[in-house]
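Novice: So that you have it, the file is input-v9.cif, and it contains mmCIF, C-alpha atoms:
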```cif
data_upload
#
loop_
_atom_site.label_atom_id
_atom_site.label_comp_id
_atom_site.auth_asym_id
_atom_site.auth_seq_id
_atom_site.Cartn_x
_atom_site.Cartn_y
_atom_site.Cartn_z
CA LYS A 1 -12.25 -10.74 -4.72
CA ALA A 2 -10.92 -10.47 -1.20
CA GLY A 3 -8.16 -7.97 -0.61
CA VAL A 4 -4.90 -8.37 1.24
CA THR A 5 -5.55 -9.60 4.76
CA GLN A 6 -3.19 -8.93 7.62
CA THR A 7 -3.42 -10.38 11.10
CA PRO A 8 -3.38 -9.39 13.83
CA ARG A 9 -4.48 -5.79 13.27
CA TYR A 10 -3.23 -4.59 16.63
CA LEU A 11 -0.83 -6.03 19.15
CA ILE A 12 1.16 -4.94 22.15
CA LYS A 13 4.43 -6.54 23.14
CA THR A 14 7.19 -5.78 25.59
CA ARG A 15 10.86 -5.27 24.87
CA GLY A 16 12.75 -8.48 24.28
CA GLN A 17 9.74 -10.44 23.10
CA GLN A 18 9.25 -11.62 19.56
CA VAL A 19 6.30 -11.20 17.22
CA THR A 20 4.97 -12.89 14.10
CA LEU A 21 2.73 -11.08 11.65
CA SER A 22 0.75 -12.76 8.91
CA CYS A 23 -0.28 -11.65 5.45
CA SER A 24 -2.63 -13.36 3.01
CA PRO A 25 -2.29 -11.84 -0.47
CA ILE A 26 -5.03 -11.39 -3.00
CA SER A 27 -5.90 -14.72 -4.56
CA GLY A 28 -3.59 -15.41 -7.49
CA HIS A 29 -0.95 -12.92 -6.37
CA ARG A 30 2.44 -14.50 -5.96
CA SER A 31 4.53 -11.58 -4.73
CA VAL A 32 4.38 -10.25 -1.19
CA SER A 33 6.30 -7.25 0.08
CA TRP A 34 6.55 -5.93 3.62
CA TYR A 35 6.97 -2.32 4.74
CA GLN A 36 7.46 -0.62 8.07
CA GLN A 37 5.65 2.69 8.44
CA THR A 38 6.55 5.16 11.18
CA PRO A 39 5.75 8.87 11.54
CA GLY A 40 8.41 10.96 9.88
CA GLN A 41 10.11 7.98 8.24
CA GLY A 42 7.38 7.06 5.82
CA LEU A 43 7.40 3.56 4.42
CA GLN A 44 10.61 1.61 4.70
CA PHE A 45 10.98 -1.51 2.59
CA LEU A 46 11.64 -4.69 4.56
CA PHE A 47 11.60 -7.52 2.01
CA GLU A 48 9.87 -9.02 -0.99
CA TYR A 49 8.99 -12.67 -1.48
CA PHE A 50 8.06 -14.35 -4.71
CA SER A 51 7.41 -18.04 -5.12
CA GLU A 52 8.64 -18.75 -1.58
CA THR A 53 11.98 -17.05 -2.22
CA GLN A 54 13.19 -13.77 -0.82
CA ARG A 55 13.93 -11.63 -3.85
CA ASN A 56 14.86 -8.35 -2.27
CA LYS A 57 15.72 -7.09 1.18
CA GLY A 58 15.83 -3.65 2.74
CA ASN A 59 18.28 -2.27 5.28
CA PHE A 60 16.94 -3.79 8.46
CA PRO A 61 18.81 -5.80 11.07
CA GLY A 62 18.72 -9.57 11.12
CA ARG A 63 16.07 -9.47 13.86
CA PHE A 64 13.61 -8.93 11.03
CA SER A 65 12.91 -12.02 9.00
CA GLY A 66 10.18 -13.41 6.83
CA ARG A 67 9.04 -16.31 4.79
CA GLN A 68 6.48 -17.21 2.18
CA PHE A 69 4.52 -20.40 1.95
CA SER A 70 3.49 -22.39 -1.09
CA ASN A 71 0.03 -20.79 -1.03
CA SER A 72 1.73 -17.34 -1.21
CA ARG A 73 0.79 -16.44 2.35
CA SER A 74 3.63 -14.71 4.11
CA GLU A 75 4.78 -14.16 7.65
CA MET A 76 7.29 -11.78 9.07
CA ASN A 77 8.98 -12.17 12.41
CA VAL A 78 10.70 -9.65 14.62
CA SER A 79 12.79 -11.04 17.44
CA THR A 80 14.14 -9.29 20.53
CA LEU A 81 11.76 -6.39 20.14
CA GLU A 82 12.95 -2.86 20.75
CA LEU A 83 10.93 0.26 21.47
CA GLY A 84 11.83 1.57 18.02
CA ASP A 85 10.09 -1.36 16.38
CA SER A 86 6.74 0.19 17.24
CA ALA A 87 5.19 0.85 13.86
CA LEU A 88 2.52 -0.02 11.37
CA TYR A 89 3.66 -3.02 9.35
CA LEU A 90 2.14 -3.11 5.91
CA CYS A 91 1.97 -6.02 3.55
CA ALA A 92 1.47 -5.55 -0.17
CA SER A 93 0.87 -8.11 -2.87
CA SER A 94 1.14 -8.08 -6.65
CA PRO A 95 0.39 -10.68 -9.30
CA ASN A 96 3.99 -11.24 -10.32
CA ARG A 97 7.27 -9.76 -9.28
CA ALA A 98 6.56 -6.18 -8.23
CA SER A 99 9.07 -5.14 -10.86
CA ASN A 100 6.85 -6.57 -13.58
CA THR A 101 3.62 -4.91 -12.67
CA GLY A 102 4.50 -1.86 -10.62
CA GLU A 103 1.26 -1.61 -8.70
CA LEU A 104 1.13 -2.84 -5.13
CA PHE A 105 -2.07 -3.83 -3.35
CA PHE A 106 -1.86 -3.08 0.34
CA GLY A 107 -3.45 -4.59 3.39
CA GLU A 108 -4.65 -2.44 6.30
CA GLY A 109 -1.57 -3.21 8.32
CA SER A 110 -0.63 -4.63 11.69
CA ARG A 111 -0.02 -1.97 14.30
CA LEU A 112 2.67 -3.09 16.73
CA THR A 113 3.29 -1.28 19.99
CA VAL A 114 6.37 -2.22 21.99
CA LEU A 115 6.36 -1.22 25.65
CA ALA B 1 21.13 6.78 -4.53
CA GLN B 2 17.52 6.82 -5.54
CA SER B 3 15.22 8.98 -3.44
CA VAL B 4 11.78 10.53 -3.38
CA THR B 5 11.07 13.92 -1.82
CA GLN B 6 7.71 15.26 -0.82
CA PRO B 7 8.58 18.71 0.47
CA ASP B 8 5.23 19.44 2.09
CA ILE B 9 4.56 17.46 5.26
CA HIS B 10 1.17 19.08 5.83
CA ILE B 11 -1.16 20.93 3.50
CA THR B 12 -4.49 22.54 4.37
CA VAL B 13 -6.99 23.58 1.73
CA SER B 14 -10.61 24.63 1.76
CA GLU B 15 -13.22 22.37 0.28
CA GLY B 16 -13.70 23.25 -3.38
CA ALA B 17 -10.23 24.72 -3.75
CA SER B 18 -7.64 23.29 -6.09
CA LEU B 19 -4.83 21.08 -4.85
CA GLU B 20 -1.28 20.36 -5.91
CA LEU B 21 0.99 17.99 -4.02
CA ARG B 22 4.63 18.04 -4.96
CA CYS B 23 6.91 15.10 -5.58
CA ASN B 24 10.50 15.10 -6.78
CA TYR B 25 12.66 12.07 -7.34
CA SER B 26 16.28 11.29 -7.86
CA TYR B 27 17.07 8.50 -10.28
CA GLY B 28 19.37 8.13 -13.26
CA ALA B 29 16.72 6.93 -15.65
CA THR B 30 12.98 7.34 -15.96
CA PRO B 31 11.38 5.34 -13.19
CA TYR B 32 7.87 4.08 -12.82
CA LEU B 33 5.94 6.69 -10.83
CA PHE B 34 2.99 6.30 -8.51
CA TRP B 35 0.72 8.17 -6.16
CA TYR B 36 -0.96 6.33 -3.31
CA VAL B 37 -3.47 7.56 -0.73
CA GLN B 38 -3.84 6.34 2.82
CA SER B 39 -6.92 7.10 4.88
CA PRO B 40 -6.68 6.81 8.67
CA GLY B 41 -6.42 3.22 9.80
CA GLN B 42 -6.23 1.96 6.26
CA GLY B 43 -3.62 0.60 3.92
CA LEU B 44 -2.47 2.43 0.83
CA GLN B 45 -4.58 2.65 -2.30
CA LEU B 46 -3.21 3.42 -5.74
CA LEU B 47 -4.45 6.71 -7.20
CA LEU B 48 -2.54 6.68 -10.46
CA LYS B 49 0.66 5.54 -12.11
CA TYR B 50 3.00 6.53 -14.91
CA PHE B 51 5.05 4.03 -16.86
CA SER B 52 5.56 5.74 -20.23
CA GLY B 53 3.74 7.70 -22.91
CA ASP B 54 1.49 10.65 -22.21
CA THR B 55 3.03 12.60 -19.35
CA LEU B 56 -0.36 13.65 -17.97
CA VAL B 57 -2.06 10.72 -16.31
CA GLN B 58 -5.54 10.48 -14.94
CA GLY B 59 -6.37 8.55 -11.82
CA ILE B 60 -9.25 7.68 -9.60
CA LYS B 61 -11.28 10.15 -7.54
CA GLY B 62 -10.65 12.98 -10.00
CA PHE B 63 -6.88 13.14 -9.46
CA GLU B 64 -4.29 13.67 -12.15
CA ALA B 65 -0.52 13.93 -12.19
CA GLU B 66 2.02 15.26 -14.62
CA PHE B 67 5.45 13.81 -15.20
CA LYS B 68 8.09 16.42 -15.98
CA ARG B 69 11.36 14.80 -16.89
CA SER B 70 13.33 18.03 -16.89
CA GLN B 71 12.29 18.76 -13.32
CA SER B 72 12.30 15.14 -12.08
CA SER B 73 8.84 15.81 -10.75
CA PHE B 74 5.51 14.03 -10.63
CA ASN B 75 3.07 16.42 -8.98
CA LEU B 76 -0.45 15.38 -8.07
CA ARG B 77 -3.36 17.72 -8.78
CA LYS B 78 -7.08 17.94 -8.24
CA PRO B 79 -9.16 20.88 -9.46
CA SER B 80 -11.69 20.82 -6.62
CA VAL B 81 -11.03 19.12 -3.32
CA HIS B 82 -13.77 17.30 -1.39
CA TRP B 83 -13.80 16.81 2.37
CA SER B 84 -13.38 13.07 1.81
CA ASP B 85 -9.98 13.72 0.22
CA ALA B 86 -8.47 14.37 3.64
CA ALA B 87 -5.82 11.68 3.96
CA GLU B 88 -2.10 11.10 3.61
CA TYR B 89 -0.65 10.98 0.12
CA PHE B 90 2.49 9.12 -0.85
CA CYS B 91 4.53 9.48 -3.97
CA ALA B 92 6.55 6.43 -4.96
CA VAL B 93 9.04 5.46 -7.61
CA ALA B 94 10.06 2.06 -8.83
CA THR B 95 13.42 1.67 -10.46
CA THR B 96 13.50 0.25 -13.95
CA SER B 97 17.05 -1.07 -14.12
CA GLY B 98 19.42 -2.92 -11.88
CA THR B 99 18.12 -4.24 -8.58
CA TYR B 100 14.44 -3.46 -8.45
CA LYS B 101 13.48 -0.98 -5.73
CA TYR B 102 10.19 0.57 -4.80
CA ILE B 103 10.80 3.80 -2.87
CA PHE B 104 8.20 5.88 -1.08
CA GLY B 105 8.29 9.52 -0.11
CA THR B 106 7.57 10.46 3.49
CA GLY B 107 4.05 11.55 2.66
CA THR B 108 1.94 14.70 2.66
CA ARG B 109 -0.97 14.92 5.06
CA LEU B 110 -3.90 16.79 3.56
CA LYS B 111 -6.43 18.56 5.73
CA VAL B 112 -9.63 19.88 4.15
CA LEU B 113 -11.51 22.77 5.72
CA ALA B 114 -15.28 22.85 5.36
#
```
Translate the structure described by the file into structure tokens.
Specialist:
Amino acid sequence: KAGVTQTPRYLIKTRGQQVTLSCSPISGHRSVSWYQQTPGQGLQFLFEYFSETQRNKGNFPGRFSGRQFSNSRSEMNVSTLELGDSALYLCASSPNRASNTGELFFGEGSRLTVL
Amino acid sequence: AQSVTQPDIHITVSEGASLELRCNYSYGATPYLFWYVQSPGQGLQLLLKYFSGDTLVQGIKGFEAEFKRSQSSFNLRKPSVHWSDAAEYFCAVATTSGTYKYIFGTGTRLKVLA
């Protein structure tokens, strides 16, 4: 069974640009969550999607958005990039709502560098 | 507000020595508790979890953790560390009432000396 796949793995952008990151969950998983990981801050929750609906959202500005498609694949978008957006963005999937199963299955992440 | 504290940012142990990583949480009820491990360049992998029942839980790779309600702690232990255990370890809690939240600690980076 393939794991969680995130693309691209690495990318470099400049301030003011926008970026879209993609996440394909484990087959059969319907919940996708996104996290931002930075040194010293740990993992900060961005949002959770389940059945194409955003179920939960963290404390990030509106520049951060996401969506989920009918095949459970998810994308997140960051507009008007700032230097502080440089981070590892992790996607995690779970079979149902994360609240029902607890365990999250993580991808390897997309490392974004903003210059 | 709910929170997770991992007081040790870095820990160094010799190979073969025992290990204990600390985790304390703040939450009004008993949460779900997890330990994840992240190797360099990798995503997080679940080591073990506690939902209810026996407060000593066994995980993969020889790790175990003990839930102590009175201390709001969920410390991770391993009796004999291997060089391949060098990684970053994250404690996490998931709330069990109200709006569901999954909160991670800031992590403990483990270095293993040969």
Novice: Can you tell me, as a ChimeraX atom specification, what residues are no more than 6 Å from Val4 (chain A) when counting all atoms listed in the file, ignoring any on the same chain fewer than 4 positions away?
Specialist: /A:24-26,107
Novice: Please list, as a PyMOL selection string, the residues that have an atom at most 10 Å away from (9.9, -12.0, -5.4) in the coordinates of this file, counting all atoms listed in the file.
Specialist: chain A and resi 30-33+47-56+68+94+96-99
Novice: Can I get the selection written as a PDB file, keeping the file's coordinate frame, with C-alpha atoms?
Specialist:
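Okay, this is what ended up in out.pdb:
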```pdb
ATOM      1  CA  ARG A  30       2.440 -14.500  -5.960  1.00  0.00           C
ATOM      2  CA  SER A  31       4.530 -11.580  -4.730  1.00  0.00           C
ATOM      3  CA  VAL A  32       4.380 -10.250  -1.190  1.00  0.00           C
ATOM      4  CA  SER A  33       6.300  -7.250   0.080  1.00  0.00           C
ATOM      5  CA  PHE A  47      11.600  -7.520   2.010  1.00  0.00           C
ATOM      6  CA  GLU A  48       9.870  -9.020  -0.990  1.00  0.00           C
ATOM      7  CA  TYR A  49       8.990 -12.670  -1.480  1.00  0.00           C
ATOM      8  CA  PHE A  50       8.060 -14.350  -4.710  1.00  0.00           C
ATOM      9  CA  SER A  51       7.410 -18.040  -5.120  1.00  0.00           C
ATOM     10  CA  GLU A  52       8.640 -18.750  -1.580  1.00  0.00           C
ATOM     11  CA  THR A  53      11.980 -17.050  -2.220  1.00  0.00           C
ATOM     12  CA  GLN A  54      13.190 -13.770  -0.820  1.00  0.00           C
ATOM     13  CA  ARG A  55      13.930 -11.630  -3.850  1.00  0.00           C
ATOM     14  CA  ASN A  56      14.860  -8.350  -2.270  1.00  0.00           C
ATOM     15  CA  GLN A  68       6.480 -17.210   2.180  1.00  0.00           C
ATOM     16  CA  SER A  94       1.140  -8.080  -6.650  1.00  0.00           C
ATOM     17  CA  ASN A  96       3.990 -11.240 -10.320  1.00  0.00           C
ATOM     18  CA  ARG A  97       7.270  -9.760  -9.280  1.00  0.00           C
ATOM     19  CA  ALA A  98       6.560  -6.180  -8.230  1.00  0.00           C
ATOM     20  CA  SER A  99       9.070  -5.140 -10.860  1.00  0.00           C
TER      21      SER A  99
END
```
Novice: Of the candidates B:Thr95, B:Asp85, B:Thr55, B:Lys68, which one gets nearest to Tyr32 (chain B) if we count all atoms listed in the file?
Specialist: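 Nearest candidate to Tyr32 (chain B) out of B:Thr95, B:Asp85, B:Thr55, B:Lys68: B:Thr95.
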Novice: For chain A, work out the contacting residues on chain B at 12 Å, counting all atoms listed in the file, and write them as an MDAnalysis selection string.
Specialist: chainID B and resid 3:6 8:10 31:51 88:109
Novice: Can you pull out every residue within 7 Å of Ser72 (chain B), counting only C-alpha atoms, but drop anything in the same chain fewer than 4 positions away, and send it as JSON, numbers by chain?
Specialist: {"B": [24, 25, 26, 68]}
Novice: So that I can check the surroundings of region 16-19 of chain B, please list as JSON, numbers by chain every protein, DNA and RNA residue that reaches within 10 Å of it, counting only C-alpha atoms and ignoring chain neighbours fewer than 2 positions away.
Specialist: {"B": [11, 12, 13, 14, 21, 22, 63, 76, 77, 78, 79, 80, 81, 82, 83, 110, 112, 113, 114]}
Novice: Since fewer atoms than expected are present, regenerate N, CA, C and O atoms for region 65-89 of chain B and write them as a PDB file, in the coordinates of the input.
Specialist:
```pdb
ATOM      1  N   ALA B  65      -1.910  13.596 -12.488  1.00  0.00           N
ATOM      2  CA  ALA B  65      -0.520  13.930 -12.190  1.00  0.00           C
ATOM      3  C   ALA B  65       0.220  14.134 -13.498  1.00  0.00           C
ATOM      4  O   ALA B  65      -0.110  13.524 -14.513  1.00  0.00           O
ATOM      5  N   GLU B  66       1.230  14.971 -13.446  1.00  0.00           N
ATOM      6  CA  GLU B  66       2.020  15.260 -14.620  1.00  0.00           C
ATOM      7  C   GLU B  66       3.473  14.944 -14.377  1.00  0.00           C
ATOM      8  O   GLU B  66       4.079  15.403 -13.398  1.00  0.00           O
ATOM      9  N   PHE B  67       4.036  14.151 -15.256  1.00  0.00           N
ATOM     10  CA  PHE B  67       5.450  13.810 -15.200  1.00  0.00           C
ATOM     11  C   PHE B  67       6.237  14.854 -15.978  1.00  0.00           C
ATOM     12  O   PHE B  67       5.962  15.092 -17.151  1.00  0.00           O
ATOM     13  N   LYS B  68       7.205  15.464 -15.308  1.00  0.00           N
ATOM     14  CA  LYS B  68       8.090  16.420 -15.980  1.00  0.00           C
ATOM     15  C   LYS B  68       9.515  15.927 -15.831  1.00  0.00           C
ATOM     16  O   LYS B  68      10.129  16.061 -14.759  1.00  0.00           O
ATOM     17  N   ARG B  69      10.027  15.384 -16.909  1.00  0.00           N
ATOM     18  CA  ARG B  69      11.360  14.800 -16.890  1.00  0.00           C
ATOM     19  C   ARG B  69      12.420  15.827 -16.539  1.00  0.00           C
ATOM     20  O   ARG B  69      13.322  15.545 -15.742  1.00  0.00           O
ATOM     21  N   SER B  70      12.304  17.006 -17.093  1.00  0.00           N
ATOM     22  CA  SER B  70      13.330  18.030 -16.890  1.00  0.00           C
ATOM     23  C   SER B  70      13.412  18.481 -15.438  1.00  0.00           C
ATOM     24  O   SER B  70      14.458  18.948 -14.985  1.00  0.00           O
ATOM     25  N   GLN B  71      12.317  18.335 -14.714  1.00  0.00           N
ATOM     26  CA  GLN B  71      12.290  18.760 -13.320  1.00  0.00           C
ATOM     27  C   GLN B  71      12.303  17.563 -12.360  1.00  0.00           C
ATOM     28  O   GLN B  71      12.249  17.751 -11.152  1.00  0.00           O
ATOM     29  N   SER B  72      12.361  16.353 -12.912  1.00  0.00           N
ATOM     30  CA  SER B  72      12.300  15.140 -12.080  1.00  0.00           C
ATOM     31  C   SER B  72      11.137  15.239 -11.095  1.00  0.00           C
ATOM     32  O   SER B  72      11.297  14.987  -9.896  1.00  0.00           O
ATOM     33  N   SER B  73       9.999  15.624 -11.628  1.00  0.00           N
ATOM     34  CA  SER B  73       8.840  15.810 -10.750  1.00  0.00           C
ATOM     35  C   SER B  73       7.639  15.031 -11.252  1.00  0.00           C
ATOM     36  O   SER B  73       7.535  14.683 -12.432  1.00  0.00           O
ATOM     37  N   PHE B  74       6.759  14.750 -10.327  1.00  0.00           N
ATOM     38  CA  PHE B  74       5.510  14.030 -10.630  1.00  0.00           C
ATOM     39  C   PHE B  74       4.467  14.557  -9.657  1.00  0.00           C
ATOM     40  O   PHE B  74       4.104  13.913  -8.691  1.00  0.00           O
ATOM     41  N   ASN B  75       3.989  15.751  -9.894  1.00  0.00           N
ATOM     42  CA  ASN B  75       3.070  16.420  -8.980  1.00  0.00           C
ATOM     43  C   ASN B  75       1.638  15.959  -9.182  1.00  0.00           C
ATOM     44  O   ASN B  75       1.174  15.766 -10.304  1.00  0.00           O
ATOM     45  N   LEU B  76       0.941  15.843  -8.075  1.00  0.00           N
ATOM     46  CA  LEU B  76      -0.450  15.380  -8.070  1.00  0.00           C
ATOM     47  C   LEU B  76      -1.373  16.593  -7.981  1.00  0.00           C
ATOM     48  O   LEU B  76      -1.118  17.508  -7.188  1.00  0.00           O
ATOM     49  N   ARG B  77      -2.442  16.571  -8.768  1.00  0.00           N
ATOM     50  CA  ARG B  77      -3.360  17.720  -8.780  1.00  0.00           C
ATOM     51  C   ARG B  77      -4.807  17.249  -8.728  1.00  0.00           C
ATOM     52  O   ARG B  77      -5.154  16.135  -9.148  1.00  0.00           O
ATOM     53  N   LYS B  78      -5.630  18.140  -8.193  1.00  0.00           N
ATOM     54  CA  LYS B  78      -7.080  17.940  -8.240  1.00  0.00           C
ATOM     55  C   LYS B  78      -7.713  19.317  -8.323  1.00  0.00           C
ATOM     56  O   LYS B  78      -7.368  20.199  -7.523  1.00  0.00           O
ATOM     57  N   PRO B  79      -8.602  19.541  -9.263  1.00  0.00           N
ATOM     58  CA  PRO B  79      -9.160  20.880  -9.460  1.00  0.00           C
ATOM     59  C   PRO B  79     -10.070  21.350  -8.330  1.00  0.00           C
ATOM     60  O   PRO B  79     -10.132  22.538  -8.040  1.00  0.00           O
ATOM     61  N   SER B  80     -10.759  20.432  -7.676  1.00  0.00           N
ATOM     62  CA  SER B  80     -11.690  20.820  -6.620  1.00  0.00           C
ATOM     63  C   SER B  80     -11.696  19.744  -5.551  1.00  0.00           C
ATOM     64  O   SER B  80     -12.150  18.625  -5.780  1.00  0.00           O
ATOM     65  N   VAL B  81     -11.206  20.096  -4.393  1.00  0.00           N
ATOM     66  CA  VAL B  81     -11.030  19.120  -3.320  1.00  0.00           C
ATOM     67  C   VAL B  81     -12.344  18.911  -2.554  1.00  0.00           C
ATOM     68  O   VAL B  81     -13.092  19.859  -2.287  1.00  0.00           O
ATOM     69  N   HIS B  82     -12.587  17.678  -2.184  1.00  0.00           N
ATOM     70  CA  HIS B  82     -13.770  17.300  -1.390  1.00  0.00           C
ATOM     71  C   HIS B  82     -13.301  16.947   0.016  1.00  0.00           C
ATOM     72  O   HIS B  82     -12.161  16.515   0.221  1.00  0.00           O
ATOM     73  N   TRP B  83     -14.189  17.097   0.996  1.00  0.00           N
ATOM     74  CA  TRP B  83     -13.800  16.810   2.370  1.00  0.00           C
ATOM     75  C   TRP B  83     -13.285  15.375   2.524  1.00  0.00           C
ATOM     76  O   TRP B  83     -12.395  15.098   3.338  1.00  0.00           O
ATOM     77  N   SER B  84     -13.796  14.472   1.702  1.00  0.00           N
ATOM     78  CA  SER B  84     -13.380  13.070   1.810  1.00  0.00           C
ATOM     79  C   SER B  84     -11.963  12.832   1.283  1.00  0.00           C
ATOM     80  O   SER B  84     -11.431  11.733   1.419  1.00  0.00           O
ATOM     81  N   ASP B  85     -11.361  13.864   0.690  1.00  0.00           N
ATOM     82  CA  ASP B  85      -9.980  13.720   0.220  1.00  0.00           C
ATOM     83  C   ASP B  85      -8.955  13.854   1.340  1.00  0.00           C
ATOM     84  O   ASP B  85      -7.756  13.629   1.123  1.00  0.00           O
ATOM     85  N   ALA B  86      -9.397  14.243   2.517  1.00  0.00           N
ATOM     86  CA  ALA B  86      -8.470  14.370   3.640  1.00  0.00           C
ATOM     87  C   ALA B  86      -7.847  13.009   3.932  1.00  0.00           C
ATOM     88  O   ALA B  86      -8.555  12.028   4.213  1.00  0.00           O
ATOM     89  N   ALA B  87      -6.544  12.942   3.845  1.00  0.00           N
ATOM     90  CA  ALA B  87      -5.820  11.680   3.960  1.00  0.00           C
ATOM     91  C   ALA B  87      -4.338  11.988   3.862  1.00  0.00           C
ATOM     92  O   ALA B  87      -3.924  13.140   3.783  1.00  0.00           O
ATOM     93  N   GLU B  88      -3.533  10.931   3.838  1.00  0.00           N
ATOM     94  CA  GLU B  88      -2.100  11.100   3.610  1.00  0.00           C
ATOM     95  C   GLU B  88      -1.777  10.569   2.227  1.00  0.00           C
ATOM     96  O   GLU B  88      -2.257   9.497   1.836  1.00  0.00           O
ATOM     97  N   TYR B  89      -0.969  11.302   1.510  1.00  0.00           N
ATOM     98  CA  TYR B  89      -0.650  10.980   0.120  1.00  0.00           C
ATOM     99  C   TYR B  89       0.834  10.671  -0.005  1.00  0.00           C
ATOM    100  O   TYR B  89       1.682  11.414   0.481  1.00  0.00           O
TER     101      TYR B  89
END
```
